[in-house]
file entry.txt (compact mmCIF, N, CA and C atoms)
# COMPACT_ATOMS: atom_id res chain seq x y z
N MET A 1 0.83 -1.18 0.00
CA MET A 1 0.00 0.00 0.00
C MET A 1 0.88 1.24 0.00
N SER A 2 0.51 2.18 -0.77
CA SER A 2 1.28 3.40 -0.90
C SER A 2 0.85 4.42 0.15
N ALA A 3 1.75 5.28 0.52
CA ALA A 3 1.46 6.32 1.50
C ALA A 3 0.83 7.54 0.83
N HIS A 4 0.78 7.58 -0.50
CA HIS A 4 0.25 8.73 -1.22
C HIS A 4 -1.27 8.69 -1.24
N GLN A 5 -1.88 9.87 -1.30
CA GLN A 5 -3.34 9.95 -1.42
C GLN A 5 -3.77 9.83 -2.88
N TYR A 6 -2.87 10.03 -3.81
CA TYR A 6 -3.20 10.04 -5.22
C TYR A 6 -2.30 9.06 -5.97
N ASP A 7 -2.76 8.61 -7.13
CA ASP A 7 -1.98 7.71 -7.97
C ASP A 7 -1.02 8.55 -8.80
N HIS A 8 0.22 8.66 -8.36
CA HIS A 8 1.21 9.46 -9.05
C HIS A 8 1.89 8.70 -10.18
N GLY A 9 1.62 7.40 -10.29
CA GLY A 9 2.19 6.62 -11.37
C GLY A 9 3.61 6.18 -11.13
N HIS A 10 4.02 6.09 -9.88
CA HIS A 10 5.36 5.60 -9.58
C HIS A 10 5.42 4.12 -9.94
N THR A 11 6.19 3.78 -10.98
CA THR A 11 6.29 2.40 -11.44
C THR A 11 7.76 2.06 -11.68
N VAL A 12 8.04 0.78 -11.80
CA VAL A 12 9.40 0.34 -12.11
C VAL A 12 9.83 0.92 -13.45
N ALA A 13 8.95 0.87 -14.44
CA ALA A 13 9.29 1.42 -15.76
C ALA A 13 9.59 2.91 -15.67
N GLY A 14 8.82 3.63 -14.89
CA GLY A 14 9.03 5.07 -14.74
C GLY A 14 10.35 5.39 -14.07
N TRP A 15 10.67 4.68 -13.00
CA TRP A 15 11.92 4.94 -12.27
C TRP A 15 13.13 4.55 -13.10
N VAL A 16 13.09 3.40 -13.76
CA VAL A 16 14.23 2.97 -14.58
C VAL A 16 14.42 3.94 -15.75
N GLY A 17 13.33 4.31 -16.41
CA GLY A 17 13.43 5.25 -17.52
C GLY A 17 13.96 6.60 -17.10
N THR A 18 13.54 7.07 -15.93
CA THR A 18 14.03 8.35 -15.43
C THR A 18 15.52 8.27 -15.12
N GLY A 19 15.95 7.16 -14.53
CA GLY A 19 17.37 6.99 -14.22
C GLY A 19 18.24 6.97 -15.47
N ILE A 20 17.84 6.17 -16.45
CA ILE A 20 18.62 6.08 -17.69
C ILE A 20 18.59 7.42 -18.43
N GLY A 21 17.44 8.05 -18.48
CA GLY A 21 17.32 9.35 -19.14
C GLY A 21 18.16 10.42 -18.47
N SER A 22 18.26 10.37 -17.14
CA SER A 22 19.09 11.34 -16.42
C SER A 22 20.57 11.14 -16.74
N VAL A 23 21.00 9.89 -16.82
CA VAL A 23 22.40 9.62 -17.20
C VAL A 23 22.66 10.13 -18.61
N GLY A 24 21.73 9.88 -19.53
CA GLY A 24 21.88 10.36 -20.90
C GLY A 24 21.94 11.88 -20.97
N ALA A 25 21.10 12.56 -20.20
CA ALA A 25 21.12 14.02 -20.20
C ALA A 25 22.42 14.55 -19.61
N ALA A 26 22.94 13.87 -18.58
CA ALA A 26 24.20 14.30 -17.98
C ALA A 26 25.36 14.13 -18.96
N VAL A 27 25.39 13.00 -19.67
CA VAL A 27 26.46 12.77 -20.65
C VAL A 27 26.37 13.80 -21.77
N ALA A 28 25.16 14.08 -22.26
CA ALA A 28 24.99 15.08 -23.31
C ALA A 28 25.38 16.47 -22.80
N GLY A 29 25.06 16.77 -21.54
CA GLY A 29 25.44 18.05 -20.95
C GLY A 29 26.94 18.21 -20.83
N VAL A 30 27.63 17.15 -20.43
CA VAL A 30 29.09 17.20 -20.39
C VAL A 30 29.64 17.40 -21.79
N GLY A 31 29.00 16.78 -22.77
CA GLY A 31 29.41 16.96 -24.16
C GLY A 31 29.27 18.40 -24.62
N VAL A 32 28.21 19.06 -24.18
CA VAL A 32 28.03 20.46 -24.53
C VAL A 32 29.11 21.31 -23.86
N CYS A 33 29.40 21.02 -22.59
CA CYS A 33 30.42 21.80 -21.87
C CYS A 33 31.80 21.64 -22.48
N PHE A 34 32.13 20.44 -22.93
CA PHE A 34 33.44 20.19 -23.51
C PHE A 34 33.44 20.28 -25.04
N VAL A 35 32.35 20.70 -25.62
CA VAL A 35 32.19 20.83 -27.05
C VAL A 35 32.64 19.54 -27.75
N SER A 36 32.03 18.43 -27.31
CA SER A 36 32.36 17.12 -27.84
C SER A 36 31.13 16.50 -28.50
N GLY A 37 31.18 16.40 -29.80
CA GLY A 37 30.07 15.79 -30.54
C GLY A 37 29.86 14.33 -30.18
N VAL A 38 30.95 13.66 -29.85
CA VAL A 38 30.86 12.24 -29.47
C VAL A 38 30.06 12.09 -28.18
N LEU A 39 30.35 12.93 -27.18
CA LEU A 39 29.61 12.85 -25.91
C LEU A 39 28.15 13.26 -26.09
N ILE A 40 27.91 14.26 -26.90
CA ILE A 40 26.52 14.68 -27.15
C ILE A 40 25.76 13.54 -27.82
N ALA A 41 26.34 12.94 -28.85
CA ALA A 41 25.69 11.82 -29.53
C ALA A 41 25.53 10.63 -28.59
N GLY A 42 26.53 10.39 -27.75
CA GLY A 42 26.43 9.30 -26.77
C GLY A 42 25.29 9.54 -25.78
N GLY A 43 25.16 10.77 -25.31
CA GLY A 43 24.06 11.10 -24.40
C GLY A 43 22.70 10.93 -25.04
N LEU A 44 22.59 11.35 -26.29
CA LEU A 44 21.33 11.17 -27.01
C LEU A 44 21.05 9.68 -27.23
N GLY A 45 22.10 8.91 -27.52
CA GLY A 45 21.95 7.46 -27.69
C GLY A 45 21.48 6.80 -26.40
N ILE A 46 22.05 7.22 -25.28
CA ILE A 46 21.62 6.68 -23.99
C ILE A 46 20.15 7.03 -23.74
N GLY A 47 19.74 8.24 -24.14
CA GLY A 47 18.33 8.63 -24.00
C GLY A 47 17.40 7.74 -24.81
N VAL A 48 17.82 7.39 -26.02
CA VAL A 48 17.01 6.49 -26.86
C VAL A 48 16.94 5.10 -26.23
N VAL A 49 18.07 4.62 -25.70
CA VAL A 49 18.07 3.32 -25.02
C VAL A 49 17.12 3.37 -23.82
N GLY A 50 17.12 4.47 -23.08
CA GLY A 50 16.20 4.62 -21.94
C GLY A 50 14.75 4.56 -22.38
N LEU A 51 14.46 5.18 -23.51
CA LEU A 51 13.09 5.14 -24.04
C LEU A 51 12.68 3.72 -24.38
N LEU A 52 13.57 2.98 -25.04
CA LEU A 52 13.24 1.60 -25.44
C LEU A 52 13.12 0.68 -24.23
N VAL A 53 13.98 0.85 -23.23
CA VAL A 53 13.90 0.04 -22.01
C VAL A 53 12.59 0.33 -21.27
N THR A 54 12.23 1.60 -21.18
CA THR A 54 10.98 1.97 -20.51
C THR A 54 9.78 1.38 -21.24
N TRP A 55 9.79 1.43 -22.55
CA TRP A 55 8.71 0.87 -23.36
C TRP A 55 8.60 -0.63 -23.12
N ALA A 56 9.74 -1.33 -23.14
CA ALA A 56 9.73 -2.78 -22.91
C ALA A 56 9.20 -3.12 -21.51
N LEU A 57 9.61 -2.36 -20.51
CA LEU A 57 9.12 -2.60 -19.15
C LEU A 57 7.62 -2.32 -19.05
N HIS A 58 7.15 -1.29 -19.73
CA HIS A 58 5.72 -0.97 -19.74
C HIS A 58 4.93 -2.13 -20.34
N LEU A 59 5.41 -2.64 -21.47
CA LEU A 59 4.71 -3.74 -22.13
C LEU A 59 4.77 -5.03 -21.32
N ALA A 60 5.81 -5.18 -20.50
CA ALA A 60 5.94 -6.37 -19.65
C ALA A 60 5.09 -6.26 -18.38
N GLY A 61 4.43 -5.12 -18.18
CA GLY A 61 3.54 -4.97 -17.04
C GLY A 61 4.13 -4.18 -15.88
N TRP A 62 5.30 -3.60 -16.05
CA TRP A 62 5.92 -2.84 -14.97
C TRP A 62 5.68 -1.34 -15.11
N GLY A 63 4.77 -0.94 -15.97
CA GLY A 63 4.40 0.46 -16.12
C GLY A 63 2.93 0.62 -15.82
N LYS A 64 2.33 1.69 -16.29
CA LYS A 64 0.90 1.89 -16.14
C LYS A 64 0.36 2.63 -17.36
N GLY A 65 -0.89 2.42 -17.63
CA GLY A 65 -1.53 3.13 -18.72
C GLY A 65 -2.02 4.49 -18.26
N PRO A 66 -2.58 5.27 -19.17
CA PRO A 66 -3.12 6.57 -18.78
C PRO A 66 -4.28 6.41 -17.80
N GLY A 67 -4.45 7.35 -16.95
CA GLY A 67 -5.55 7.33 -16.00
C GLY A 67 -5.14 6.78 -14.64
N ILE A 68 -6.12 6.68 -13.77
CA ILE A 68 -5.88 6.27 -12.39
C ILE A 68 -6.04 4.77 -12.26
N ARG A 69 -5.10 4.12 -11.60
CA ARG A 69 -5.16 2.69 -11.35
C ARG A 69 -6.01 2.42 -10.12
N PRO A 70 -6.48 1.18 -9.95
CA PRO A 70 -7.16 0.82 -8.71
C PRO A 70 -6.21 1.02 -7.53
N ARG A 71 -6.74 1.38 -6.39
CA ARG A 71 -5.92 1.74 -5.23
C ARG A 71 -4.97 0.61 -4.81
N ASP A 72 -5.36 -0.64 -4.95
CA ASP A 72 -4.49 -1.74 -4.54
C ASP A 72 -3.31 -1.93 -5.50
N GLU A 73 -3.28 -1.22 -6.63
CA GLU A 73 -2.16 -1.30 -7.58
C GLU A 73 -1.30 -0.04 -7.56
N TRP A 74 -1.43 0.81 -6.53
CA TRP A 74 -0.69 2.07 -6.48
C TRP A 74 0.78 1.88 -6.13
N GLY A 75 1.14 0.80 -5.50
CA GLY A 75 2.53 0.58 -5.13
C GLY A 75 3.41 0.45 -6.37
N TRP A 76 4.63 0.94 -6.31
CA TRP A 76 5.47 0.94 -7.50
C TRP A 76 6.02 -0.44 -7.82
N ARG A 77 5.94 -1.37 -6.89
CA ARG A 77 6.41 -2.73 -7.14
C ARG A 77 5.30 -3.67 -7.61
N VAL A 78 4.10 -3.15 -7.81
CA VAL A 78 2.96 -3.96 -8.22
C VAL A 78 2.92 -4.02 -9.75
N ARG A 79 2.84 -5.23 -10.26
CA ARG A 79 2.79 -5.41 -11.71
C ARG A 79 1.38 -5.16 -12.23
N ASP A 80 1.27 -4.54 -13.40
CA ASP A 80 -0.02 -4.20 -14.01
C ASP A 80 -0.62 -5.43 -14.67
N SER A 81 -1.78 -5.83 -14.19
CA SER A 81 -2.42 -7.03 -14.72
C SER A 81 -3.04 -6.82 -16.10
N GLY A 82 -3.34 -5.61 -16.49
CA GLY A 82 -4.00 -5.34 -17.76
C GLY A 82 -3.05 -5.00 -18.90
N ALA A 83 -1.75 -5.10 -18.68
CA ALA A 83 -0.79 -4.68 -19.71
C ALA A 83 -0.80 -5.60 -20.93
N ARG A 84 -1.04 -6.88 -20.72
CA ARG A 84 -0.99 -7.82 -21.85
C ARG A 84 -2.06 -7.50 -22.89
N ALA A 85 -3.22 -7.05 -22.45
CA ALA A 85 -4.31 -6.73 -23.37
C ALA A 85 -4.16 -5.33 -23.96
N GLY A 86 -3.31 -4.49 -23.37
CA GLY A 86 -3.15 -3.11 -23.82
C GLY A 86 -4.00 -2.18 -22.98
N HIS A 87 -3.59 -0.93 -22.91
CA HIS A 87 -4.32 0.08 -22.14
C HIS A 87 -5.12 0.96 -23.09
N ASP A 88 -6.27 1.42 -22.63
CA ASP A 88 -7.07 2.36 -23.41
C ASP A 88 -6.27 3.65 -23.59
N LYS A 89 -6.27 4.20 -24.78
CA LYS A 89 -5.65 5.49 -25.10
C LYS A 89 -4.17 5.54 -24.75
N CYS A 90 -3.46 4.43 -24.90
CA CYS A 90 -2.04 4.35 -24.55
C CYS A 90 -1.20 4.27 -25.83
N LEU A 91 -0.37 5.26 -26.07
CA LEU A 91 0.46 5.30 -27.26
C LEU A 91 1.44 4.13 -27.29
N ALA A 92 2.04 3.80 -26.15
CA ALA A 92 3.01 2.69 -26.11
C ALA A 92 2.35 1.37 -26.49
N CYS A 93 1.15 1.13 -26.03
CA CYS A 93 0.45 -0.11 -26.37
C CYS A 93 0.03 -0.11 -27.84
N ARG A 94 -0.40 1.03 -28.37
CA ARG A 94 -0.77 1.09 -29.79
C ARG A 94 0.43 0.86 -30.68
N LEU A 95 1.59 1.41 -30.30
CA LEU A 95 2.80 1.20 -31.10
C LEU A 95 3.22 -0.26 -31.10
N ALA A 96 2.90 -0.99 -30.04
CA ALA A 96 3.24 -2.41 -29.95
C ALA A 96 2.18 -3.29 -30.60
N GLY A 97 1.10 -2.69 -31.09
CA GLY A 97 0.05 -3.47 -31.75
C GLY A 97 -1.01 -3.98 -30.79
N ARG A 98 -1.01 -3.48 -29.57
CA ARG A 98 -2.03 -3.88 -28.59
C ARG A 98 -3.09 -2.81 -28.56
N ARG A 99 -4.32 -3.21 -28.78
CA ARG A 99 -5.41 -2.25 -28.79
C ARG A 99 -6.58 -2.84 -28.03
N ARG A 100 -7.01 -2.20 -26.96
CA ARG A 100 -8.12 -2.68 -26.17
C ARG A 100 -9.41 -2.14 -26.75
N VAL A 101 -10.40 -3.02 -26.83
CA VAL A 101 -11.72 -2.62 -27.30
C VAL A 101 -12.43 -1.92 -26.16
N ALA A 102 -13.02 -0.78 -26.45
CA ALA A 102 -13.69 0.00 -25.41
C ALA A 102 -14.79 -0.81 -24.75
N GLY A 103 -14.75 -0.87 -23.43
CA GLY A 103 -15.79 -1.55 -22.69
C GLY A 103 -15.60 -3.04 -22.51
N SER A 104 -14.51 -3.61 -23.01
CA SER A 104 -14.29 -5.04 -22.84
C SER A 104 -12.81 -5.29 -22.61
N GLY A 105 -12.46 -6.51 -22.29
CA GLY A 105 -11.08 -6.88 -22.07
C GLY A 105 -10.40 -7.38 -23.32
N ARG A 106 -11.12 -7.38 -24.47
CA ARG A 106 -10.56 -7.92 -25.72
C ARG A 106 -9.75 -6.86 -26.45
N THR A 107 -8.92 -7.31 -27.37
CA THR A 107 -8.17 -6.38 -28.20
C THR A 107 -8.68 -6.46 -29.62
N ALA A 108 -8.51 -5.37 -30.38
CA ALA A 108 -8.95 -5.33 -31.77
C ALA A 108 -7.78 -4.95 -32.65
N GLU A 109 -7.60 -5.65 -33.72
CA GLU A 109 -6.57 -5.33 -34.70
C GLU A 109 -7.22 -4.51 -35.80
N VAL A 110 -6.58 -3.46 -36.20
CA VAL A 110 -7.09 -2.63 -37.29
C VAL A 110 -6.47 -3.16 -38.57
N ALA A 111 -7.33 -3.61 -39.48
CA ALA A 111 -6.86 -4.27 -40.70
C ALA A 111 -6.12 -3.30 -41.60
N GLY A 112 -5.04 -3.75 -42.18
CA GLY A 112 -4.30 -2.97 -43.16
C GLY A 112 -3.57 -1.78 -42.58
N GLY A 113 -3.44 -1.70 -41.27
CA GLY A 113 -2.75 -0.59 -40.65
C GLY A 113 -3.51 0.72 -40.71
N VAL A 114 -4.82 0.66 -40.98
CA VAL A 114 -5.64 1.85 -41.07
C VAL A 114 -5.97 2.30 -39.66
N SER A 115 -5.67 3.56 -39.35
CA SER A 115 -6.01 4.06 -38.02
C SER A 115 -7.46 4.55 -38.04
N VAL A 116 -8.16 4.26 -36.96
CA VAL A 116 -9.57 4.59 -36.87
C VAL A 116 -9.75 5.58 -35.74
N ARG A 117 -10.46 6.65 -36.00
CA ARG A 117 -10.74 7.63 -34.97
C ARG A 117 -11.91 7.18 -34.13
N GLY A 118 -11.89 7.53 -32.85
CA GLY A 118 -13.00 7.19 -31.97
C GLY A 118 -12.82 5.82 -31.38
N GLU A 119 -13.91 5.28 -30.84
CA GLU A 119 -13.85 3.98 -30.18
C GLU A 119 -13.85 2.86 -31.21
N VAL A 120 -13.14 1.80 -30.89
CA VAL A 120 -13.08 0.63 -31.75
C VAL A 120 -13.94 -0.45 -31.13
N SER A 121 -14.76 -1.09 -31.94
CA SER A 121 -15.58 -2.19 -31.44
C SER A 121 -15.47 -3.36 -32.39
N VAL A 122 -15.67 -4.55 -31.83
CA VAL A 122 -15.62 -5.76 -32.64
C VAL A 122 -17.06 -6.12 -32.98
N GLY A 123 -17.38 -6.17 -34.26
CA GLY A 123 -18.75 -6.46 -34.65
C GLY A 123 -18.80 -7.21 -35.96
N GLY A 124 -19.95 -7.17 -36.59
CA GLY A 124 -20.17 -7.91 -37.83
C GLY A 124 -19.64 -7.17 -39.04
N GLU A 125 -20.06 -7.65 -40.23
CA GLU A 125 -19.59 -7.07 -41.47
C GLU A 125 -20.10 -5.65 -41.67
N ALA A 126 -21.30 -5.35 -41.16
CA ALA A 126 -21.86 -4.01 -41.31
C ALA A 126 -20.98 -2.99 -40.59
N GLU A 127 -20.53 -3.34 -39.38
CA GLU A 127 -19.67 -2.43 -38.65
C GLU A 127 -18.32 -2.30 -39.32
N ALA A 128 -17.79 -3.39 -39.87
CA ALA A 128 -16.51 -3.35 -40.55
C ALA A 128 -16.59 -2.45 -41.78
N ALA A 129 -17.72 -2.50 -42.49
CA ALA A 129 -17.90 -1.65 -43.66
C ALA A 129 -17.97 -0.18 -43.23
N ALA A 130 -18.66 0.09 -42.13
CA ALA A 130 -18.77 1.46 -41.64
C ALA A 130 -17.41 1.99 -41.22
N VAL A 131 -16.61 1.15 -40.58
CA VAL A 131 -15.26 1.57 -40.17
C VAL A 131 -14.43 1.86 -41.40
N GLY A 132 -14.51 1.01 -42.43
CA GLY A 132 -13.78 1.23 -43.67
C GLY A 132 -14.20 2.51 -44.36
N ALA A 133 -15.50 2.83 -44.33
CA ALA A 133 -15.99 4.05 -44.94
C ALA A 133 -15.49 5.27 -44.18
N ASP A 134 -15.43 5.18 -42.85
CA ASP A 134 -14.95 6.31 -42.05
C ASP A 134 -13.45 6.51 -42.26
N ALA A 135 -12.70 5.45 -42.48
CA ALA A 135 -11.25 5.56 -42.64
C ALA A 135 -10.90 6.25 -43.95
N GLY A 136 -11.79 6.22 -44.93
CA GLY A 136 -11.53 6.84 -46.21
C GLY A 136 -11.71 8.34 -46.22
N ARG A 137 -12.24 8.89 -45.16
CA ARG A 137 -12.49 10.33 -45.11
C ARG A 137 -11.24 11.11 -44.89

call {"tool": "encode", "arguments": {"input": "entry.txt", "output": "structure tokens"}}
result
Amino acid sequence: MSAHQYDHGHTVAGWVGTGIGSVGAAVAGVGVCFVSGVLIAGGLGIGVVGLLVTWALHLAGWGKGPGIRPRDEWGWRVRDSGARAGHDKCLACRLAGRRRVAGSGRTAEVAGGVSVRGEVSVGGEAEAAAVGADAGR
């Protein structure tokens, strides 16, 4: 149980990403001070590695999606049970191909890589045709 009154999103993915990103920013800052392109590029590279590590930890369940988690999942050492299905409105989950259907625990794949605005639902051929018509706009 966390001592906080609010869900601040303290997660393993967040802490690890912040640590790696801080090291990358420090290396890039030293590169700026010493006018070293190698150190600046190295710092930026470390930042990219931090981004990828954070993304992988998020997808493995050590992060959190947008919004407030249930109170029993507020601790930073608690693994997210809904990560495998993807989080609603989560860019990291969408980039990984995980898309949660609004109102259910199922995921929906968008055919042909077409992005659909609004809520995604799994339905019959009539709904698929309507989604295809909306994607053409």

call {"tool": "closest_residue", "arguments": {"input": "entry.txt", "among": "A:Gly31, A:Gly67, A:Gly19, A:Gly86", "to": "Gly50 of chain A", "atoms": "only C-alpha atoms"}}
result
A:Gly19

call {"tool": "axis_aligned_box", "arguments": {"input": "entry.txt", "around": "segment 78-95 of chain A", "padding_each_side": "3 Å", "output": "lines of an AutoDock Vina configuration file"}}
result
center_x = -1.5
center_y = -1.1
center_z = -19.5
size_x = 17.2
size_y = 19.4
size_z = 29.3

call {"tool": "closest_residue", "arguments": {"input": "entry.txt", "among": "A:Gly42, A:Cys33, A:Lys89, A:Gly47", "to": "Ile20 of chain A", "atoms": "only C-alpha atoms"}}
result
A:Gly47

call {"tool": "closest_residue", "arguments": {"input": "entry.txt", "among": "A:Ala96, A:Ala60, A:Val38, A:Leu51", "to": "Ala83 of chain A", "atoms": "only N, CA and C atoms"}}
result
A:Ala60

call {"tool": "atom_distance", "arguments": {"input": "entry.txt", "atom1": "atom CA of Ala26 of chain A", "atom2": "atom N of Thr54 of chain A"}}
result
17.7 Å

call {"tool": "closest_residue", "arguments": {"input": "entry.txt", "among": "A:Leu95, A:Val53, A:Ile46, A:Ala41", "to": "Gly21 of chain A", "atoms": "all atoms listed in the file"}}
result
A:Ile46

call {"tool": "residues_around", "arguments": {"input": "entry.txt", "residues": "Asp80 of chain A", "least_positions_apart": "2", "cutoff": "6 Å", "atoms": "all atoms listed in the file", "output": "list in words"}}
result
Gly61, Trp62, Gly63, Val78, Gly82 and Ala83 of chain A

call {"tool": "build_atoms", "arguments": {"input": "entry.txt", "residues": "segment 53-62 of chain A", "atoms": "all heavy atoms", "output": "PDB file, in the coordinates of the input"}}
result
ATOM      1  N   VAL A  53      13.980   0.850 -23.230  1.00  0.00           N
ATOM      2  CA  VAL A  53      13.900   0.040 -22.010  1.00  0.00           C
ATOM      3  C   VAL A  53      12.590   0.330 -21.270  1.00  0.00           C
ATOM      4  O   VAL A  53      11.905  -0.585 -20.805  1.00  0.00           O
ATOM      5  CB  VAL A  53      15.123   0.288 -21.109  1.00  0.00           C
ATOM      6  CG1 VAL A  53      14.925  -0.295 -19.729  1.00  0.00           C
ATOM      7  CG2 VAL A  53      16.373  -0.289 -21.750  1.00  0.00           C
ATOM      8  N   THR A  54      12.230   1.600 -21.180  1.00  0.00           N
ATOM      9  CA  THR A  54      10.980   1.970 -20.510  1.00  0.00           C
ATOM     10  C   THR A  54       9.780   1.380 -21.240  1.00  0.00           C
ATOM     11  O   THR A  54       8.835   0.880 -20.619  1.00  0.00           O
ATOM     12  CB  THR A  54      10.849   3.504 -20.429  1.00  0.00           C
ATOM     13  OG1 THR A  54      12.002   4.016 -19.777  1.00  0.00           O
ATOM     14  CG2 THR A  54       9.605   3.921 -19.680  1.00  0.00           C
ATOM     15  N   TRP A  55       9.790   1.430 -22.550  1.00  0.00           N
ATOM     16  CA  TRP A  55       8.710   0.870 -23.360  1.00  0.00           C
ATOM     17  C   TRP A  55       8.600  -0.630 -23.120  1.00  0.00           C
ATOM     18  O   TRP A  55       7.512  -1.166 -22.928  1.00  0.00           O
ATOM     19  CB  TRP A  55       8.955   1.188 -24.827  1.00  0.00           C
ATOM     20  CG  TRP A  55       7.871   0.772 -25.769  1.00  0.00           C
ATOM     21  CD1 TRP A  55       6.533   0.685 -25.502  1.00  0.00           C
ATOM     22  CD2 TRP A  55       8.024   0.395 -27.138  1.00  0.00           C
ATOM     23  NE1 TRP A  55       5.852   0.280 -26.637  1.00  0.00           N
ATOM     24  CE2 TRP A  55       6.743   0.105 -27.637  1.00  0.00           C
ATOM     25  CE3 TRP A  55       9.111   0.300 -27.983  1.00  0.00           C
ATOM     26  CZ2 TRP A  55       6.532  -0.296 -28.955  1.00  0.00           C
ATOM     27  CZ3 TRP A  55       8.898  -0.092 -29.302  1.00  0.00           C
ATOM     28  CH2 TRP A  55       7.619  -0.384 -29.773  1.00  0.00           C
ATOM     29  N   ALA A  56       9.740  -1.330 -23.140  1.00  0.00           N
ATOM     30  CA  ALA A  56       9.730  -2.780 -22.910  1.00  0.00           C
ATOM     31  C   ALA A  56       9.200  -3.120 -21.510  1.00  0.00           C
ATOM     32  O   ALA A  56       8.407  -4.054 -21.345  1.00  0.00           O
ATOM     33  CB  ALA A  56      11.131  -3.346 -23.104  1.00  0.00           C
ATOM     34  N   LEU A  57       9.610  -2.360 -20.510  1.00  0.00           N
ATOM     35  CA  LEU A  57       9.120  -2.600 -19.150  1.00  0.00           C
ATOM     36  C   LEU A  57       7.620  -2.320 -19.050  1.00  0.00           C
ATOM     37  O   LEU A  57       6.880  -3.037 -18.371  1.00  0.00           O
ATOM     38  CB  LEU A  57       9.885  -1.752 -18.140  1.00  0.00           C
ATOM     39  CG  LEU A  57      11.299  -2.210 -17.832  1.00  0.00           C
ATOM     40  CD1 LEU A  57      12.027  -1.158 -16.990  1.00  0.00           C
ATOM     41  CD2 LEU A  57      11.287  -3.545 -17.108  1.00  0.00           C
ATOM     42  N   HIS A  58       7.150  -1.290 -19.730  1.00  0.00           N
ATOM     43  CA  HIS A  58       5.720  -0.970 -19.740  1.00  0.00           C
ATOM     44  C   HIS A  58       4.930  -2.130 -20.340  1.00  0.00           C
ATOM     45  O   HIS A  58       3.917  -2.561 -19.792  1.00  0.00           O
ATOM     46  CB  HIS A  58       5.465   0.308 -20.531  1.00  0.00           C
ATOM     47  CG  HIS A  58       4.015   0.599 -20.753  1.00  0.00           C
ATOM     48  ND1 HIS A  58       3.220   1.172 -19.797  1.00  0.00           N
ATOM     49  CD2 HIS A  58       3.213   0.377 -21.824  1.00  0.00           C
ATOM     50  CE1 HIS A  58       1.988   1.297 -20.275  1.00  0.00           C
ATOM     51  NE2 HIS A  58       1.957   0.824 -21.503  1.00  0.00           N
ATOM     52  N   LEU A  59       5.410  -2.640 -21.470  1.00  0.00           N
ATOM     53  CA  LEU A  59       4.710  -3.740 -22.130  1.00  0.00           C
ATOM     54  C   LEU A  59       4.770  -5.030 -21.320  1.00  0.00           C
ATOM     55  O   LEU A  59       3.883  -5.883 -21.426  1.00  0.00           O
ATOM     56  CB  LEU A  59       5.270  -3.974 -23.530  1.00  0.00           C
ATOM     57  CG  LEU A  59       5.064  -2.812 -24.516  1.00  0.00           C
ATOM     58  CD1 LEU A  59       5.765  -3.106 -25.828  1.00  0.00           C
ATOM     59  CD2 LEU A  59       3.599  -2.528 -24.722  1.00  0.00           C
ATOM     60  N   ALA A  60       5.810  -5.180 -20.500  1.00  0.00           N
ATOM     61  CA  ALA A  60       5.940  -6.370 -19.650  1.00  0.00           C
ATOM     62  C   ALA A  60       5.090  -6.260 -18.380  1.00  0.00           C
ATOM     63  O   ALA A  60       5.033  -7.201 -17.600  1.00  0.00           O
ATOM     64  CB  ALA A  60       7.399  -6.575 -19.268  1.00  0.00           C
ATOM     65  N   GLY A  61       4.430  -5.120 -18.180  1.00  0.00           N
ATOM     66  CA  GLY A  61       3.540  -4.970 -17.040  1.00  0.00           C
ATOM     67  C   GLY A  61       4.130  -4.180 -15.880  1.00  0.00           C
ATOM     68  O   GLY A  61       3.504  -4.073 -14.834  1.00  0.00           O
ATOM     69  N   TRP A  62       5.300  -3.600 -16.050  1.00  0.00           N
ATOM     70  CA  TRP A  62       5.920  -2.840 -14.970  1.00  0.00           C
ATOM     71  C   TRP A  62       5.680  -1.340 -15.110  1.00  0.00           C
ATOM     72  O   TRP A  62       6.312  -0.558 -14.409  1.00  0.00           O
ATOM     73  CB  TRP A  62       7.419  -3.148 -14.904  1.00  0.00           C
ATOM     74  CG  TRP A  62       7.674  -4.534 -14.448  1.00  0.00           C
ATOM     75  CD1 TRP A  62       8.149  -5.564 -15.191  1.00  0.00           C
ATOM     76  CD2 TRP A  62       7.431  -5.066 -13.148  1.00  0.00           C
ATOM     77  NE1 TRP A  62       8.223  -6.697 -14.444  1.00  0.00           N
ATOM     78  CE2 TRP A  62       7.791  -6.423 -13.175  1.00  0.00           C
ATOM     79  CE3 TRP A  62       6.939  -4.538 -11.961  1.00  0.00           C
ATOM     80  CZ2 TRP A  62       7.678  -7.253 -12.064  1.00  0.00           C
ATOM     81  CZ3 TRP A  62       6.828  -5.361 -10.858  1.00  0.00           C
ATOM     82  CH2 TRP A  62       7.201  -6.696 -10.914  1.00  0.00           C
TER      83      TRP A  62
END
